[in-house]
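Structure file entry-v7.csv (CSV, C-alpha atoms) is printed below.
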chain,number,residue,atom,x,y,z
A,250,ILE,CA,25.7,-36.7,-67.2
A,251,ALA,CA,23.7,-38.6,-69.9
A,252,VAL,CA,21.1,-36.4,-71.6
A,253,GLY,CA,18.2,-38.1,-73.5
A,254,GLY,CA,15.8,-41.0,-73.3
A,255,ASP,CA,16.2,-44.6,-72.1
A,256,GLY,CA,17.9,-45.5,-75.4
A,257,THR,CA,20.5,-42.8,-75.0
A,258,ILE,CA,21.2,-43.7,-71.4
A,259,GLY,CA,21.4,-47.4,-72.4
A,260,PHE,CA,24.1,-46.5,-74.9
A,261,VAL,CA,26.1,-44.7,-72.3
A,262,LEU,CA,25.8,-47.5,-69.8
A,263,ASN,CA,26.7,-50.1,-72.5
A,264,ARG,CA,30.0,-48.1,-73.2
A,265,LEU,CA,30.6,-47.9,-69.4
A,266,ARG,CA,30.2,-51.6,-69.0
A,267,LEU,CA,32.6,-52.4,-71.9
A,268,ARG,CA,35.2,-50.0,-70.5
A,269,ARG,CA,35.1,-51.8,-67.1
A,270,SER,CA,35.4,-48.4,-65.3
A,271,ASN,CA,34.7,-48.5,-61.6
A,272,GLU,CA,35.2,-44.8,-60.8
A,273,ALA,CA,32.6,-43.1,-63.0
A,274,GLU,CA,29.2,-41.9,-61.5
A,275,ILE,CA,26.4,-41.4,-64.0
A,276,GLY,CA,23.7,-38.8,-63.7
A,277,LEU,CA,20.6,-38.6,-66.0
A,278,ILE,CA,18.7,-35.7,-67.6
A,279,PRO,CA,15.5,-37.5,-68.7
A,280,LEU,CA,14.5,-36.0,-72.1
A,281,GLY,CA,13.0,-39.1,-73.7
A,282,THR,CA,9.5,-40.4,-74.3
A,283,GLY,CA,9.4,-43.0,-71.5
A,284,ASN,CA,12.2,-42.0,-69.1
A,285,ASP,CA,11.7,-45.2,-67.0
A,286,LEU,CA,15.2,-45.3,-65.6
A,287,GLY,CA,14.9,-41.6,-64.6
A,288,ARG,CA,11.6,-42.4,-62.9
A,289,ALA,CA,13.1,-45.3,-61.0
A,290,LEU,CA,15.9,-43.0,-59.7
A,291,GLY,CA,13.6,-40.2,-58.7
A,292,ILE,CA,15.1,-37.9,-61.3
A,293,TYR,CA,12.2,-37.5,-63.7
A,294,ARG,CA,9.9,-36.2,-60.9
A,295,ILE,CA,12.4,-33.5,-60.0
A,296,TYR,CA,12.9,-32.6,-63.7
A,297,ASN,CA,9.2,-32.6,-64.4
A,298,GLU,CA,8.1,-30.6,-61.4
A,299,ARG,CA,11.0,-28.1,-60.9
A,300,GLY,CA,12.8,-27.9,-64.3
A,301,LEU,CA,16.3,-28.5,-65.7
A,302,ILE,CA,18.4,-26.2,-63.5
A,303,ALA,CA,16.9,-27.6,-60.3
A,304,CYS,CA,17.5,-31.1,-61.6
A,305,VAL,CA,21.2,-30.4,-62.3
A,306,LYS,CA,21.7,-28.7,-58.9
A,307,ARG,CA,20.3,-31.7,-57.2
A,308,LEU,CA,22.4,-34.2,-59.2
A,309,LEU,CA,25.5,-32.3,-58.2
A,310,LYS,CA,24.6,-33.0,-54.5
A,311,ALA,CA,23.4,-36.6,-55.0
A,312,GLN,CA,25.0,-39.8,-53.9
A,313,GLY,CA,25.7,-42.7,-56.2
A,314,VAL,CA,23.9,-46.0,-55.7
A,315,ARG,CA,24.9,-49.4,-57.0
A,316,PHE,CA,22.9,-50.4,-60.1
A,317,ASP,CA,22.8,-53.8,-61.8
A,318,LEU,CA,23.6,-54.0,-65.6
A,319,TRP,CA,22.6,-57.1,-67.5
A,320,ASP,CA,24.4,-58.8,-70.5
A,321,ILE,CA,22.3,-60.0,-73.5
A,322,ASN,CA,24.0,-62.6,-75.6
A,323,GLY,CA,27.4,-61.2,-74.7
A,324,SER,CA,27.0,-58.1,-76.9
A,325,GLN,CA,24.3,-55.9,-75.5
A,326,THR,CA,23.4,-54.2,-72.2
A,327,MET,CA,20.1,-54.1,-70.5
A,328,ALA,CA,19.5,-51.6,-67.7
A,329,SER,CA,15.7,-51.4,-67.3
A,330,TYR,CA,13.7,-54.1,-68.9
A,331,VAL,CA,13.2,-56.5,-71.8
A,332,SER,CA,9.8,-57.5,-73.2
A,333,VAL,CA,8.6,-59.8,-76.0
A,334,GLY,CA,5.1,-60.1,-77.5
A,335,MET,CA,2.3,-57.6,-78.2
A,336,ASP,CA,3.7,-54.6,-76.4
A,337,ALA,CA,7.0,-55.0,-78.3
A,338,ALA,CA,5.0,-55.2,-81.6
A,339,VAL,CA,3.4,-51.9,-80.8
A,340,LEU,CA,6.8,-50.3,-80.2
A,341,HIS,CA,8.0,-51.8,-83.4
A,342,ASP,CA,5.1,-50.2,-85.3
A,343,PHE,CA,5.9,-46.9,-83.7
A,344,ASP,CA,9.6,-47.2,-84.5
A,345,VAL,CA,9.0,-47.9,-88.1
A,346,ALA,CA,6.5,-45.1,-88.4
A,347,ARG,CA,8.9,-42.6,-86.7
A,348,LYS,CA,11.8,-43.5,-88.9
A,349,THR,CA,9.7,-43.1,-92.1
A,350,ARG,CA,8.3,-39.8,-90.7
A,351,LYS,CA,4.7,-40.9,-90.7
A,352,ILE,CA,4.1,-39.4,-87.3
A,353,PRO,CA,3.8,-35.6,-86.9
A,354,THR,CA,6.3,-34.1,-84.4
A,355,GLY,CA,5.0,-33.8,-80.8
A,356,ALA,CA,4.2,-35.9,-77.7
A,357,LEU,CA,0.5,-35.8,-78.4
A,358,PHE,CA,0.9,-37.4,-81.8
A,359,ASN,CA,3.2,-40.1,-80.3
A,360,LYS,CA,0.5,-41.0,-77.8
A,361,LEU,CA,-2.2,-41.1,-80.4
A,362,PHE,CA,-0.2,-43.4,-82.5
A,363,TYR,CA,0.4,-45.7,-79.6
A,364,VAL,CA,-3.3,-45.9,-78.9
A,365,ARG,CA,-4.0,-46.8,-82.5
A,366,ALA,CA,-1.2,-49.3,-82.7
A,367,PHE,CA,-2.3,-51.0,-79.5
A,368,SER,CA,-5.8,-51.3,-80.9
A,369,LEU,CA,-4.5,-52.9,-84.1
A,370,ARG,CA,-2.3,-55.3,-82.2
A,371,SER,CA,-4.8,-56.3,-79.5
A,372,ARG,CA,-5.3,-59.8,-80.9
A,373,TYR,CA,-1.6,-60.5,-81.2
A,374,ARG,CA,-0.4,-63.7,-79.3
A,375,MET,CA,2.9,-65.4,-79.2
A,376,SER,CA,3.2,-68.8,-80.9
A,377,GLY,CA,5.7,-71.2,-82.5
A,378,GLY,CA,7.3,-72.9,-79.5
A,379,ARG,CA,8.4,-69.8,-77.5
A,380,LEU,CA,10.0,-70.9,-74.2
A,381,LEU,CA,11.1,-68.9,-71.2
A,382,THR,CA,13.8,-70.5,-69.0
A,383,LEU,CA,14.3,-69.0,-65.5
A,384,ARG,CA,17.3,-69.7,-63.2
A,385,SER,CA,17.5,-68.9,-59.6
A,386,PRO,CA,19.0,-70.3,-56.4
A,387,GLN,CA,15.9,-72.5,-56.1
A,388,GLY,CA,16.7,-74.2,-59.4
A,389,GLU,CA,15.7,-73.9,-63.1
A,390,ARG,CA,12.2,-73.6,-64.5
A,391,THR,CA,11.0,-73.6,-68.2
A,392,ILE,CA,7.7,-72.0,-69.1
A,393,SER,CA,5.9,-72.0,-72.5
A,394,LEU,CA,5.0,-68.6,-73.8
A,395,ASP,CA,2.7,-69.9,-76.6
A,396,GLY,CA,-0.6,-68.1,-76.4
A,397,SER,CA,0.7,-65.4,-74.1
A,398,VAL,CA,0.1,-61.7,-74.8
A,399,CYS,CA,3.6,-60.7,-73.7
A,400,CYS,CA,6.4,-61.3,-71.2
A,401,LEU,CA,8.1,-58.6,-69.2
A,402,ILE,CA,11.5,-59.0,-67.6
A,403,GLY,CA,12.4,-56.1,-65.4
A,404,ASN,CA,15.4,-54.8,-63.4
A,405,ILE,CA,13.5,-51.6,-62.2
A,406,ASN,CA,9.9,-50.9,-61.2
A,407,SER,CA,9.1,-48.6,-64.1
A,408,TYR,CA,7.8,-49.6,-67.5
A,409,ALA,CA,6.2,-47.9,-70.5
A,410,ALA,CA,6.6,-44.4,-69.2
A,411,GLY,CA,5.6,-44.9,-65.6
A,412,ALA,CA,3.7,-48.1,-65.1
A,413,ARG,CA,4.8,-50.0,-62.0
A,414,PRO,CA,4.4,-53.8,-62.6
A,415,PHE,CA,7.2,-55.0,-60.3
A,416,PRO,CA,6.6,-53.8,-56.7
A,417,ARG,CA,9.4,-56.0,-55.3
A,418,ALA,CA,12.0,-55.0,-57.9
A,419,ARG,CA,15.4,-53.8,-56.7
A,420,PHE,CA,18.1,-52.7,-59.1
A,421,ASP,CA,21.0,-53.7,-56.8
A,422,ASP,CA,20.1,-57.3,-55.9
A,423,HIS,CA,21.4,-59.2,-59.1
A,424,ALA,CA,17.8,-60.4,-59.7
A,425,LEU,CA,15.2,-59.9,-62.4
A,426,GLU,CA,11.4,-59.8,-61.9
A,427,VAL,CA,9.4,-61.6,-64.6
A,428,MET,CA,5.7,-61.4,-65.5
A,429,VAL,CA,3.9,-63.4,-68.1
A,430,PHE,CA,0.5,-62.1,-69.2
A,431,ASP,CA,-2.0,-64.6,-70.7
A,432,LYS,CA,-4.9,-62.2,-71.2
A,433,LEU,CA,-4.9,-58.7,-72.7
A,434,TRP,CA,-7.2,-57.3,-70.0
A,435,LYS,CA,-4.7,-58.2,-67.3
A,436,PHE,CA,-1.9,-56.4,-69.2
A,437,ALA,CA,-4.0,-53.3,-69.9
A,438,LEU,CA,-5.2,-53.1,-66.3
A,439,MET,CA,-1.7,-53.5,-64.9
A,440,VAL,CA,-0.2,-50.8,-67.2
A,441,ALA,CA,-3.1,-48.4,-66.6
A,442,CYS,CA,-3.8,-48.8,-62.9
A,443,SER,CA,-0.3,-49.2,-61.5
A,444,ARG,CA,0.6,-45.7,-62.7
A,445,VAL,CA,-2.0,-44.3,-60.3
A,446,PHE,CA,-1.9,-46.9,-57.6
A,447,PRO,CA,1.6,-48.1,-56.9
A,448,ARG,CA,0.4,-51.1,-54.9
A,449,PHE,CA,-2.0,-52.3,-57.6
A,450,ALA,CA,0.6,-54.8,-58.9
A,451,SER,CA,0.6,-56.5,-55.5
A,452,ALA,CA,-3.1,-56.9,-55.7
A,453,MET,CA,-2.9,-58.4,-59.2
A,454,LYS,CA,-0.3,-61.0,-58.1
A,455,SER,CA,-2.8,-63.9,-58.0
A,456,LYS,CA,-4.0,-63.1,-61.5
A,457,VAL,CA,-0.6,-62.8,-63.2
A,458,LYS,CA,2.3,-65.3,-63.4
A,459,THR,CA,5.2,-63.6,-61.6
A,460,TYR,CA,8.7,-65.0,-61.1
A,461,SER,CA,12.2,-63.9,-59.9
A,462,ALA,CA,15.4,-65.1,-61.6
A,463,THR,CA,19.1,-64.5,-61.6
A,464,SER,CA,19.3,-65.3,-65.4
A,465,VAL,CA,16.8,-65.7,-68.1
A,466,THR,CA,16.8,-67.4,-71.5
A,467,LEU,CA,14.2,-66.8,-74.3
A,468,SER,CA,14.4,-69.6,-76.8
A,469,GLY,CA,12.4,-70.4,-79.9
A,470,CYS,CA,11.7,-66.7,-80.2
A,471,ARG,CA,13.3,-66.1,-83.6
A,472,GLY,CA,11.0,-63.7,-85.5
A,473,GLU,CA,9.3,-62.5,-82.3
A,474,TYR,CA,8.9,-58.8,-81.5
A,475,CYS,CA,11.2,-57.7,-78.8
A,476,GLN,CA,12.3,-54.5,-77.1
A,477,VAL,CA,15.2,-53.6,-74.7
A,478,ASP,CA,14.9,-50.5,-72.5
A,479,GLY,CA,12.2,-49.1,-74.8
A,480,GLU,CA,14.3,-49.7,-78.0
A,481,ASP,CA,13.0,-52.0,-80.7
A,482,VAL,CA,15.5,-54.9,-81.2
A,483,THR,CA,13.2,-57.2,-83.3
A,484,GLU,CA,15.8,-57.4,-86.1
A,485,ILE,CA,18.5,-58.5,-83.7
A,486,LEU,CA,16.3,-61.2,-82.2
A,487,ALA,CA,15.4,-62.4,-85.7
A,488,GLN,CA,19.0,-63.4,-86.2
A,489,LYS,CA,19.4,-65.3,-82.9
A,490,LYS,CA,18.1,-68.7,-81.8
A,491,GLN,CA,17.9,-67.5,-78.3
A,492,PHE,CA,18.1,-64.5,-76.0
A,493,VAL,CA,20.3,-65.0,-72.9
A,494,ILE,CA,20.1,-62.4,-70.1
A,495,GLU,CA,22.8,-62.7,-67.4
A,496,SER,CA,24.2,-60.5,-64.7
A,497,ALA,CA,27.1,-58.3,-66.1
A,498,ARG,CA,28.3,-55.9,-63.4
A,499,GLN,CA,27.3,-53.0,-61.3
A,500,VAL,CA,27.8,-49.3,-61.9
A,501,SER,CA,27.1,-46.1,-59.9
A,502,LEU,CA,24.1,-44.0,-60.8
A,503,LEU,CA,23.2,-40.7,-59.1
A,504,ASP,CA,20.0,-41.1,-57.0
A,505,LEU,CA,17.3,-38.5,-56.3
A,506,ARG,CA,14.8,-40.7,-54.5
A,507,SER,CA,15.5,-39.3,-51.1
A,508,SER,CA,12.9,-37.0,-49.7
A,509,PHE,CA,15.7,-34.5,-49.0
A,510,PHE,CA,15.6,-33.5,-52.7
A,511,SER,CA,11.9,-32.5,-52.4
A,512,LEU,CA,12.5,-29.8,-49.7
A,513,PHE,CA,14.0,-27.1,-51.9
Show me, as structure tokens, the structure contained in the file I just sent.
Amino acid sequence: IAVGGDGTIGFVLNRLRLRRSNEAEIGLIPLGTGNDLGRALGIYRIYNERGLIACVKRLLKAQGVRFDLWDINGSQTMASYVSVGMDAAVLHDFDVARKTRKIPTGALFNKLFYVRAFSLRSRYRMSGGRLLTLRSPQGERTISLDGSVCCLIGNINSYAAGARPFPRARFDDHALEVMVFDKLWKFALMVACSRVFPRFASAMKSKVKTYSATSVTLSGCRGEYCQVDGEDVTEILAQKKQFVIESARQVSLLDLRSSFFSLF
């Protein structure tokens, strides 16, 4: 059982991938800020509504489901999502402030800082020859990210603590969902409204560039802000010419999405 936020869980899954173990089943206790992986598996809802003991009891009865893990440049594991651009810049600002203890302790202060950082970064746009290359059974496609607000690459349909930008996302199909936002209002609307209306992302499909891919390469992105599973990796990207995301392997995660777990 991994106890913590998406970063902690990502660390556990990375070690599991490197050990090449096929027998372990991983359960999650979502104690982080975003808990997006816990939300995608139905665990956060049980924990939030019924508490820790109820969550543990249900995990002991849960079945494992196959879950895709993704390799980044041969050295890092992605479970939930990658994003580059404005939203990653906001996370970078939060991460720096947290490490230097400029944010008082408490979830409310974290949220207030995010609102302030979002406002300060609202004019941020990607530039400098940023390219996104998508590969799928239908072929290869390269897209310029210059002028875009941000690019989201998701394995699950939960992002930024409960937004649902990828209605078609499945974490067992060896495919990634990709969205490129060219306007800030589209990004803000998607993040805000998809939390309340799960089908909102489908209604926005004609307004936002959406793709599916079996592998993704971000090139020309040296110096760009980047996050992996809610963790700031801007410094890592600053040292790389490109970011290559490829299918790694599947692991078994305990799943509480079944309505059975809401009955007691």
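Nearest to A:Phe430 of all the residues A:Met327, A:Ala338, A:Leu361, A:Cys399 is A:Cys399, based on all atoms listed in the file.
Rounded to one decimal, atom CA of A:Val465 and atom CA of A:Ala424 lie 10.0 Å from each other.
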Taking into account all atoms listed in the file, which residue in the set A:Phe358, A:Tyr293, A:Phe343, A:Phe449 is nearest to A:Ile278?
A:Tyr293
Excluding same-chain residues fewer than 5 positions from A:Arg266, what lies within 8 Å of it counting only C-alpha atoms, as a list in words?
Leu318, Thr326, Ala497, Arg498 and Val500 of chain A
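The two atoms in question, atom CA of A:Arg370 and atom CA of A:Phe492, are spaced 23.2 Å apart.
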At a cut-off of 7 Å, can you tabulate as CSV every residue of stretch 369-392 of chain A near stretch 467-474 of chain A together with its closest atom pair and the distance in Å to one decimal, using only C-alpha atoms and ordering rows by chain then number?
residue,atom,partner,partner_atom,distance
A:Gly378,CA,A:Gly469,CA,5.7
A:Arg379,CA,A:Gly469,CA,4.7
A:Leu380,CA,A:Ser468,CA,5.3
A:Leu381,CA,A:Leu467,CA,4.9
A:Thr382,CA,A:Leu467,CA,6.5
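Across A:Leu425, A:Ala487, A:Cys442, A:Ala462, the tightest approach to A:Glu389 is made by A:Ala462 when counting only C-alpha atoms.
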From A:Lys432, A:Ala410, A:Glu480, A:Thr466, residue lying nearest A:Asp342 [all atoms listed in the file]:
A:Glu480
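When atom CA of A:Asn297 is paired with atom CA of A:Ser443, their separation reads 19.3 Å.
Minimum distance to A:Phe260 across A:Ala328, A:Ala273, A:Leu357, A:Val429 (counting all atoms listed in the file) occurs at A:Ala328.
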